[in-house]
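Student: Quick one: the structure is below, questions incoming.
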Amino acid sequence: MSEVVAADGQLASSRPCTDTLAKMHEQPISFARGAPALELIPAGELAECAYAVAQREGAHIFAYGSGAGYAPLRELVAERHGVESGRVVLTVGGLQGFAFYAVEQLARRPGRVLVEAPSYDRPLKILAREGAEIVALRMDEEGLDPDALEAELRRTTEPPSFLYTIPTFQNPSGRTLSTERRQRIVEIVTAHGLAVLEDDPYGLVRYEGKAPPSLHELEGGERVTYTSSFSKTAAPGLRVGYFVLPKKDAPAFEERAVSTYISPPFLAQATIAEFIARGHFEPNLERVCGELRARRDAMTGALERTFPAGSVWSRPEGGYFLWLELGSDVRATELAARAEAKGVAFVRGEDFFPRGSGSGVSSARLAFSYETPERITEGIEVLAGLL
Ligand SMILES: Cc1ncc(COP(=O)(O)O)c(C=O)c1O
C-alpha cells in the first residue's frame with residue numbers, strides 16, 4: 001500500500017471549513033501520507049502572491065518561456081546555494097526532476113544505481129521502470145554506511161551509474177547522515193569518480209539540532225547534484241522543485257525539460273519567488289516547523305506510552321517521518337490490513353526496498369505530517385492495541 005489518498009491539489013483554504021473538518025473525522029487516520037496537512041499550507045499568502053505576480057507580469061507569465069524556469073526564482077535559488085544561476089534548473093516538483101536525472105545519467109553512464117536501504121519508494125519505481133539494476137546499501141541510525149558504499153564500489157570494476165541519497169530526515173526512515181559520514185562519503189565518491197544525486201526536500205524543515213553541511217557543499221558541486229523543492233517549505237500543489245547541477249550537465253537537463261513539457265508553469269514559480277521576496281518564507285517555515293514538532297512529539301510520546309517492548313523507532317529532529325521496527329514476530333503486511341480495518345493507515349517497510357528483496361517485512365514508515373497531534377495519539381493507540 002502506498003499513500004491511501006492522493007495528496008496533491010486539494011483545498012485552497014489554509015483553515016479547513018467545518019464541512020472539511022467533519023469529513024476528516026470520517027476519514028482513516030493516515031500515517032501513510034507523506035504530505036503536509038492542509039493547515040500547514042499558507043494558502044492566503046500564496047493566493048495574494050499569485051494575484052500580484054499575474055497582475056504585474058501580465059501575459060508573460062502565461063506564455064511559453066525558458067525550459068529552465070522563471071529567471072528570478074533561479075536567481076534566488078542560485079544565491080542561496082552560492083552558484084551561478086545557469087546551474088539551477090527549476091522542475092515541476094522534485095520527483096519530475098529525479099526522473100530527468102535518472103534517465104539522463106543512465107544514458108550517459110549505464111550501470112547499476114546505488115540507493116539506501118530503505119529508500120523513497122517512488123524513485124525505486126522509476127528506476128525499475130527504466131530497467132536499472134538497483135543496489136540497496138546498508139544504512140543505520142547514522143544514515144548510509146560508507147563502508148557499504150566502498151565495498152560495493154570495490155566489488156566489481158564495472159562503475160555504477162550514480163548514487164541516489166537522501167541524507168537529511170530521510171524518506172522513509174527520518175534518519176540523518178552524520179557529518180563525519182558525509183565527509184567520508186565525499187572522499188569515497190571523489191576517489192571513485194561516482195556521480196551523486198543528493199535529494200534534500202526536508203533539510204530546512206528542521207525543528208531542533210544543528211544542520212550538517214550538505215554533500216554538495218562538502219564536495220563543491222562537481223559530481224554531486226543537489227535537488228530540493230518547495231513542497232515541504234511552501235506548498236506541494238504548486239509543483240516547484242529545483243536542481244543545482246554541475247555546470248556541464250545543466251544544458252542537457254534543461255533540454256530534457258523542454259522536450260518533456262516545453263516550459264514549466266511560470267505562475268507557480270513566480271508565486272514562490274514573490275512569497276520569498278515578500279519575506280513570507282522564513283516565518284512560514286518557522287510556523288510549519290513548530291506544527292511538525294508538536295506532531296512528532298505526539299507520535300513519539302504515544303509510542304513510548306503504548307508500544308510493547310521489542311519495538312524501536314527513530315526520533316528525527318525534523319522532516320515528516322519516523323521508522324518503526326516492530327520486532328521480527330510481527331508482519332507489517334498483516335498489521336497494516338488489521339489497522340486499516342480499524343481506520344489507521346501506514347506504509348509497510350518492504351515498499352521502500354527493491355521489490356522481492358525480502359527486507360523490511362517487520363517495519364513501517366509512519367508519517368506524522370498529515371494528522372493533528374490528537375489524531376496521531378489516537379492512531380498510535382489503535383496500532384498498539386493490535387500488537
Ligand atoms: C525524498 C523525497 N524526494 C522527492 C520528493 C518529491 O517531492 P516533490 O515532487 O513534491 O518535490 C519527496 C516527496 O515526498 C521526497 O520525500
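The way I read the labels, and the way they are meant: chains A, B, ... in the order of the C-alpha cells, residue 1 as the first residue of every chain, and ligand 1 as the first ligand shown, with later ones counted on from there.
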Give me the residues within 7 Å of stretch 331-343 of chain A as a list in words, counting only C-alpha atoms and dropping any in the same chain fewer than 3 places off.

Tutor: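 After dropping sequence-adjacent residues, the list is Pro28, Ile29, Phe346, Arg348, Val361, Ser362, Ser363, Ala364 and Leu383 of chain A.
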
Student: What parts of stretch 22-227 of chain A does DSSP call helix (DSSP H, G or I)? I'd like the answer as a PyMOL selection string.

Tutor: chain A and resi 22-26+38-40+43-62+71-81+85-87+94-108+121-129+146-155+179-192+215-219

Student: Considering only C-alpha atoms, state which residue in the set A:Val330, A:Val92, A:Leu387, A:Ala107 is at the smallest distance from A:Leu238.

Tutor: A:Val92

Student: Could you find all residues in stretch 121-269 of chain A that DSSP calls strand (DSSP E) from the backbone, and write them as a ChimeraX atom specification?

Tutor: /A:134-140,143-144,162-165,196-199,224-229,241-244

Student: What is the atom CA of A:Leu106 to atom CA of A:Pro167 distance in Å?

Tutor: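 Separation of atom CA of A:Leu106 and atom CA of A:Pro167: 21.7 Å.
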
Student: Please tabulate, as a tab-separated table, the residues of chain A that come within 8 Å of ligand 1, each with its closest pair of atoms and the distance in Å to one decimal, counting only C-alpha atoms and all ligand atoms and ordering rows by chain, then residue number upward.

Tutor:
```
residue	atom	partner	partner_atom_place_in_ligand_line	distance
A:Gly34	CA	ligand 1	14 (O)	5.6
A:Ala35	CA	ligand 1	14 (O)	6.7
A:Val92	CA	ligand 1	9 (O)	7.2
A:Gly93	CA	ligand 1	9 (O)	3.7
A:Gly94	CA	ligand 1	11 (O)	3.5
A:Leu95	CA	ligand 1	9 (O)	3.9
A:Gln96	CA	ligand 1	9 (O)	6.3
A:Gly97	CA	ligand 1	9 (O)	7.8
A:Phe98	CA	ligand 1	4 (C)	7.6
A:Tyr120	CA	ligand 1	1 (C)	5.8
A:Ile166	CA	ligand 1	1 (C)	5.9
A:Gln170	CA	ligand 1	1 (C)	6.4
A:Asn171	CA	ligand 1	16 (O)	5.0
A:Pro172	CA	ligand 1	16 (O)	7.5
A:Asp199	CA	ligand 1	3 (N)	5.8
A:Asp200	CA	ligand 1	1 (C)	6.5
A:Pro201	CA	ligand 1	2 (C)	5.9
A:Tyr202	CA	ligand 1	1 (C)	7.5
A:Ser228	CA	ligand 1	11 (O)	6.7
A:Ser229	CA	ligand 1	11 (O)	4.6
A:Phe230	CA	ligand 1	11 (O)	6.6
A:Ser231	CA	ligand 1	10 (O)	4.8
A:Lys232	CA	ligand 1	10 (O)	7.6
A:Pro236	CA	ligand 1	10 (O)	5.1
A:Gly237	CA	ligand 1	10 (O)	7.7
A:Arg239	CA	ligand 1	10 (O)	6.1
A:Val240	CA	ligand 1	11 (O)	6.5
A:Gly241	CA	ligand 1	11 (O)	5.1
```

Student: Could you take the residues named above and write them with N, CA, C and O atoms, as an mmCIF file, in the first residue's frame?

Tutor:
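See out_30.cif below for the written result:
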```
data_model
loop_
_atom_site.group_PDB
_atom_site.id
_atom_site.type_symbol
_atom_site.label_atom_id
_atom_site.label_comp_id
_atom_site.auth_asym_id
_atom_site.auth_seq_id
_atom_site.Cartn_x
_atom_site.Cartn_y
_atom_site.Cartn_z
ATOM 1 N N GLY A 34 2.727 11.123 3.076
ATOM 2 C CA GLY A 34 3.919 11.958 3.272
ATOM 3 C C GLY A 34 3.647 13.328 2.703
ATOM 4 O O GLY A 34 4.327 13.807 1.810
ATOM 5 N N ALA A 35 2.636 13.976 3.247
ATOM 6 C CA ALA A 35 2.170 15.261 2.714
ATOM 7 C C ALA A 35 1.893 16.187 3.879
ATOM 8 O O ALA A 35 1.583 15.732 4.983
ATOM 9 N N VAL A 92 9.153 20.669 -12.333
ATOM 10 C CA VAL A 92 7.759 20.562 -11.898
ATOM 11 C C VAL A 92 7.731 19.576 -10.721
ATOM 12 O O VAL A 92 7.209 18.465 -10.807
ATOM 13 N N GLY A 93 8.366 19.979 -9.624
ATOM 14 C CA GLY A 93 8.480 19.107 -8.448
ATOM 15 C C GLY A 93 9.757 18.282 -8.504
ATOM 16 O O GLY A 93 10.297 17.999 -9.580
ATOM 17 N N GLY A 94 10.220 17.929 -7.319
ATOM 18 C CA GLY A 94 11.462 17.180 -7.210
ATOM 19 C C GLY A 94 11.400 15.810 -7.880
ATOM 20 O O GLY A 94 12.399 15.327 -8.420
ATOM 21 N N LEU A 95 10.230 15.169 -7.851
ATOM 22 C CA LEU A 95 10.152 13.822 -8.406
ATOM 23 C C LEU A 95 10.310 13.843 -9.934
ATOM 24 O O LEU A 95 10.978 12.978 -10.507
ATOM 25 N N GLN A 96 9.708 14.850 -10.571
ATOM 26 C CA GLN A 96 9.883 15.003 -12.020
ATOM 27 C C GLN A 96 11.376 15.184 -12.325
ATOM 28 O O GLN A 96 11.909 14.599 -13.271
ATOM 29 N N GLY A 97 12.026 15.988 -11.501
ATOM 30 C CA GLY A 97 13.461 16.205 -11.669
ATOM 31 C C GLY A 97 14.239 14.903 -11.511
ATOM 32 O O GLY A 97 15.181 14.639 -12.261
ATOM 33 N N PHE A 98 13.840 14.080 -10.538
ATOM 34 C CA PHE A 98 14.526 12.793 -10.353
ATOM 35 C C PHE A 98 14.448 11.971 -11.635
ATOM 36 O O PHE A 98 15.435 11.369 -12.066
ATOM 37 N N TYR A 120 13.269 6.088 -0.612
ATOM 38 C CA TYR A 120 11.976 6.626 -1.085
ATOM 39 C C TYR A 120 11.416 5.727 -2.199
ATOM 40 O O TYR A 120 12.110 5.437 -3.178
ATOM 41 N N ILE A 166 19.354 10.445 0.237
ATOM 42 C CA ILE A 166 18.528 11.469 0.916
ATOM 43 C C ILE A 166 19.157 11.619 2.307
ATOM 44 O O ILE A 166 18.750 10.961 3.259
ATOM 45 N N GLN A 170 15.614 11.438 6.184
ATOM 46 C CA GLN A 170 15.364 10.604 5.016
ATOM 47 C C GLN A 170 13.918 10.121 4.927
ATOM 48 O O GLN A 170 13.301 9.826 5.961
ATOM 49 N N ASN A 171 13.417 10.059 3.733
ATOM 50 C CA ASN A 171 12.182 9.347 3.435
ATOM 51 C C ASN A 171 12.616 7.966 2.999
ATOM 52 O O ASN A 171 13.319 7.856 1.992
ATOM 53 N N PRO A 172 12.290 6.918 3.743
ATOM 54 C CA PRO A 172 11.250 6.808 4.759
ATOM 55 C C PRO A 172 11.730 6.820 6.216
ATOM 56 O O PRO A 172 10.893 6.843 7.110
ATOM 57 N N ASP A 199 19.222 14.294 -2.635
ATOM 58 C CA ASP A 199 17.825 14.750 -2.619
ATOM 59 C C ASP A 199 17.523 15.295 -1.215
ATOM 60 O O ASP A 199 17.601 14.554 -0.236
ATOM 61 N N ASP A 200 17.172 16.574 -1.140
ATOM 62 C CA ASP A 200 17.087 17.215 0.180
ATOM 63 C C ASP A 200 15.815 18.056 0.366
ATOM 64 O O ASP A 200 15.897 19.242 0.699
ATOM 65 N N PRO A 201 14.647 17.466 0.214
ATOM 66 C CA PRO A 201 13.441 18.293 0.374
ATOM 67 C C PRO A 201 13.113 18.642 1.814
ATOM 68 O O PRO A 201 12.305 19.537 2.067
ATOM 69 N N TYR A 202 13.729 17.928 2.773
ATOM 70 C CA TYR A 202 13.351 18.122 4.187
ATOM 71 C C TYR A 202 14.383 18.899 4.997
ATOM 72 O O TYR A 202 14.130 19.203 6.158
ATOM 73 N N SER A 228 16.111 19.909 -4.419
ATOM 74 C CA SER A 228 15.160 20.135 -3.342
ATOM 75 C C SER A 228 13.874 20.653 -3.978
ATOM 76 O O SER A 228 13.771 20.718 -5.210
ATOM 77 N N SER A 229 12.908 20.986 -3.138
ATOM 78 C CA SER A 229 11.684 21.535 -3.710
ATOM 79 C C SER A 229 10.997 22.411 -2.671
ATOM 80 O O SER A 229 11.408 22.457 -1.511
ATOM 81 N N PHE A 230 9.975 23.108 -3.103
ATOM 82 C CA PHE A 230 9.212 23.972 -2.199
ATOM 83 C C PHE A 230 7.960 23.254 -1.686
ATOM 84 O O PHE A 230 7.091 23.883 -1.104
ATOM 85 N N SER A 231 7.912 21.933 -1.897
ATOM 86 C CA SER A 231 6.718 21.188 -1.478
ATOM 87 C C SER A 231 6.557 21.166 0.035
ATOM 88 O O SER A 231 5.439 21.178 0.543
ATOM 89 N N LYS A 232 7.670 21.103 0.762
ATOM 90 C CA LYS A 232 7.572 20.988 2.216
ATOM 91 C C LYS A 232 7.759 22.336 2.914
ATOM 92 O O LYS A 232 7.510 22.451 4.103
ATOM 93 N N PRO A 236 2.994 21.806 -1.789
ATOM 94 C CA PRO A 236 3.303 20.786 -2.798
ATOM 95 C C PRO A 236 2.499 20.949 -4.092
ATOM 96 O O PRO A 236 2.963 20.591 -5.165
ATOM 97 N N GLY A 237 1.304 21.540 -3.972
ATOM 98 C CA GLY A 237 0.443 21.647 -5.155
ATOM 99 C C GLY A 237 0.950 22.648 -6.182
ATOM 100 O O GLY A 237 0.513 22.631 -7.330
ATOM 101 N N ARG A 239 3.907 22.564 -7.268
ATOM 102 C CA ARG A 239 4.832 21.744 -8.058
ATOM 103 C C ARG A 239 6.053 22.538 -8.496
ATOM 104 O O ARG A 239 6.283 22.761 -9.690
ATOM 105 N N VAL A 240 6.814 23.003 -7.534
ATOM 106 C CA VAL A 240 8.057 23.714 -7.848
ATOM 107 C C VAL A 240 9.225 23.026 -7.139
ATOM 108 O O VAL A 240 9.306 23.032 -5.910
ATOM 109 N N GLY A 241 10.086 22.425 -7.947
ATOM 110 C CA GLY A 241 11.305 21.810 -7.427
ATOM 111 C C GLY A 241 12.500 22.439 -8.127
ATOM 112 O O GLY A 241 12.330 23.222 -9.068
#
```

Student: Env of A:Arg296: 9 Å cut, atoms = only C-alpha atoms, seq-sep filter 5 positions within chain, self excluded. Answer as a count of residues only.

Tutor: 14

Student: Nearest to A:Asp297 among A:Phe100, A:Tyr207, A:Phe62, A:Tyr164, with distances taken over only C-alpha atoms: which residue is it?

Tutor: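 The answer is A:Tyr207, which sits nearest to A:Asp297.
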
Student: Per residue of stretch 204-254 of chain A within 9 Å of stretch 183-191 of chain A, record the nearest atom pair and its distance in Å to one decimal, counting only C-alpha atoms, with rows in chain order and ascending residue number, as JSON lines.

Tutor:
```
{"residue": "A:Leu215", "atom": "CA", "partner": "A:Val186", "partner_atom": "CA", "distance": 6.6}
{"residue": "A:His216", "atom": "CA", "partner": "A:Val186", "partner_atom": "CA", "distance": 8.8}
{"residue": "A:Leu218", "atom": "CA", "partner": "A:Val186", "partner_atom": "CA", "distance": 7.0}
{"residue": "A:Glu219", "atom": "CA", "partner": "A:Val186", "partner_atom": "CA", "distance": 5.9}
{"residue": "A:Arg223", "atom": "CA", "partner": "A:Thr190", "partner_atom": "CA", "distance": 8.0}
{"residue": "A:Val224", "atom": "CA", "partner": "A:Val186", "partner_atom": "CA", "distance": 8.8}
```

Student: Would you please work out which residue, of A:Leu324, A:Met299, A:Val382, A:Ala63, is nearest to A:Ser173 when using only C-alpha atoms?

Tutor: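 Under the stated criterion, the closest residue is A:Leu324.
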
Student: Calculate how many Å separate atom CA of A:Val244 from atom CA of A:Arg74, rounding to one decimal.

Tutor: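 Separation of atom CA of A:Val244 and atom CA of A:Arg74: 9.7 Å.
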
Student: One number please: atom CA of A:Thr233 to atom CA of A:Gly203, in Å, one decimal.

Tutor: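 It comes out at 9.8 Å.
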
Student: Taking 3 positions as the minimum chain separation for residues in the same chain, which residues sit within 10 Å of A:Val77 when counting only C-alpha atoms? Answer as a PyMOL selection string.

Tutor: chain A and resi 71-74+80-85+87-90+242-244+273

Student: Filtering to C-alpha atoms, could you give me those residues as a short mmCIF file (atom, residue, chain, number, x, y, z; two decimals), in the first residue's frame?

Tutor:
```
data_model
loop_
_atom_site.label_atom_id
_atom_site.label_comp_id
_atom_site.auth_asym_id
_atom_site.auth_seq_id
_atom_site.Cartn_x
_atom_site.Cartn_y
_atom_site.Cartn_z
CA ALA A 71 14.57 33.53 -14.03
CA PRO A 72 14.06 35.48 -10.75
CA LEU A 73 13.44 32.26 -8.83
CA ARG A 74 16.51 30.63 -10.44
CA ARG A 80 21.08 30.56 -1.60
CA HIS A 81 23.45 27.87 -2.87
CA GLY A 82 26.28 30.22 -3.86
CA VAL A 83 26.32 29.17 -7.53
CA GLU A 84 25.67 30.91 -10.83
CA SER A 85 22.04 30.79 -11.92
CA ARG A 87 23.42 25.83 -12.93
CA VAL A 88 19.90 25.99 -11.48
CA VAL A 89 17.07 24.28 -13.34
CA LEU A 90 13.58 24.54 -11.86
CA TYR A 242 14.86 22.64 -8.38
CA PHE A 243 18.21 21.18 -9.30
CA VAL A 244 21.67 22.64 -8.74
CA ALA A 273 9.58 33.93 -5.89
#
```

Student: Find the residues near stretch 352-356 of chain A: any atom within 12 Å, counting only C-alpha atoms, skip ones fewer than 6 places away on the same chain, and give them as a VMD selection string.

Tutor: chain A and resid 1 to 2 113 to 129 132 to 138 170 to 173 323 363 to 365

Student: Let's have the selection written as a PDB file, in the first residue's frame, with C-alpha atoms.

Tutor:
```pdb
ATOM      1  CA  MET A   1       0.000   0.000   0.000  1.00  0.00           C
ATOM      2  CA  SER A   2       1.348   3.453  -0.730  1.00  0.00           C
ATOM      3  CA  VAL A 113      22.102   2.614  -9.368  1.00  0.00           C
ATOM      4  CA  LEU A 114      23.085   2.660  -5.700  1.00  0.00           C
ATOM      5  CA  VAL A 115      20.403   3.610  -3.182  1.00  0.00           C
ATOM      6  CA  GLU A 116      19.975   3.475   0.580  1.00  0.00           C
ATOM      7  CA  ALA A 117      18.163   0.544   2.180  1.00  0.00           C
ATOM      8  CA  PRO A 118      15.423   1.651   2.734  1.00  0.00           C
ATOM      9  CA  SER A 119      14.834   4.475   0.246  1.00  0.00           C
ATOM     10  CA  TYR A 120      11.976   6.626  -1.085  1.00  0.00           C
ATOM     11  CA  ASP A 121       9.632   4.278  -2.960  1.00  0.00           C
ATOM     12  CA  ARG A 122       8.748   6.432  -5.975  1.00  0.00           C
ATOM     13  CA  PRO A 123      12.336   6.746  -7.292  1.00  0.00           C
ATOM     14  CA  LEU A 124      12.704   2.989  -6.810  1.00  0.00           C
ATOM     15  CA  LYS A 125       9.678   2.525  -9.084  1.00  0.00           C
ATOM     16  CA  ILE A 126      11.068   4.971 -11.675  1.00  0.00           C
ATOM     17  CA  LEU A 127      14.398   3.150 -11.695  1.00  0.00           C
ATOM     18  CA  ALA A 128      12.704  -0.237 -12.015  1.00  0.00           C
ATOM     19  CA  ARG A 129      10.622   1.089 -14.924  1.00  0.00           C
ATOM     20  CA  ALA A 132      18.022  -0.147 -13.962  1.00  0.00           C
ATOM     21  CA  GLU A 133      19.714  -2.622 -11.659  1.00  0.00           C
ATOM     22  CA  ILE A 134      19.164  -1.249  -8.148  1.00  0.00           C
ATOM     23  CA  VAL A 135      21.682  -1.979  -5.405  1.00  0.00           C
ATOM     24  CA  ALA A 136      20.437  -1.132  -1.916  1.00  0.00           C
ATOM     25  CA  LEU A 137      23.218  -0.212   0.518  1.00  0.00           C
ATOM     26  CA  ARG A 138      23.117  -0.764   4.263  1.00  0.00           C
ATOM     27  CA  GLN A 170      15.364  10.604   5.016  1.00  0.00           C
ATOM     28  CA  ASN A 171      12.182   9.347   3.435  1.00  0.00           C
ATOM     29  CA  PRO A 172      11.250   6.808   4.759  1.00  0.00           C
ATOM     30  CA  SER A 173      13.434   6.424   7.867  1.00  0.00           C
ATOM     31  CA  TRP A 323      10.786   4.436  11.007  1.00  0.00           C
ATOM     32  CA  SER A 363       8.961  -2.428   9.723  1.00  0.00           C
ATOM     33  CA  ALA A 364       6.797   0.538   8.844  1.00  0.00           C
ATOM     34  CA  ARG A 365       7.057   4.170   7.810  1.00  0.00           C
TER      35      ARG A 365
END
```

Student: Select, from A:Asp147, A:Glu104, A:Glu198, A:Asp329, the residue with the minimum atom-to-atom distance to A:Ala252, counting only C-alpha atoms.

Tutor: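 When distances to A:Ala252 are compared using only C-alpha atoms, the smallest one comes from A:Glu104.
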
Student: Taking only C-alpha atoms into account, which of A:Ile41, A:Leu292, A:Ala47, A:Leu197 comes nearest A:Ala270?

Tutor: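 Looking at the shortest contact to A:Ala270, the residue is A:Ala47.
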
Student: A:Thr168, A:Met139, A:Arg112, A:Thr225: which is nearest A:Thr156, counting only C-alpha atoms?

Tutor: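 Under the stated criterion, the closest residue is A:Arg112.
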
Student: Write out as a count of residues only the residues lying within 10 Å of stretch 274-278 of chain A, counting only C-alpha atoms and excluding same-chain residues fewer than 3 positions away.

Tutor: 20
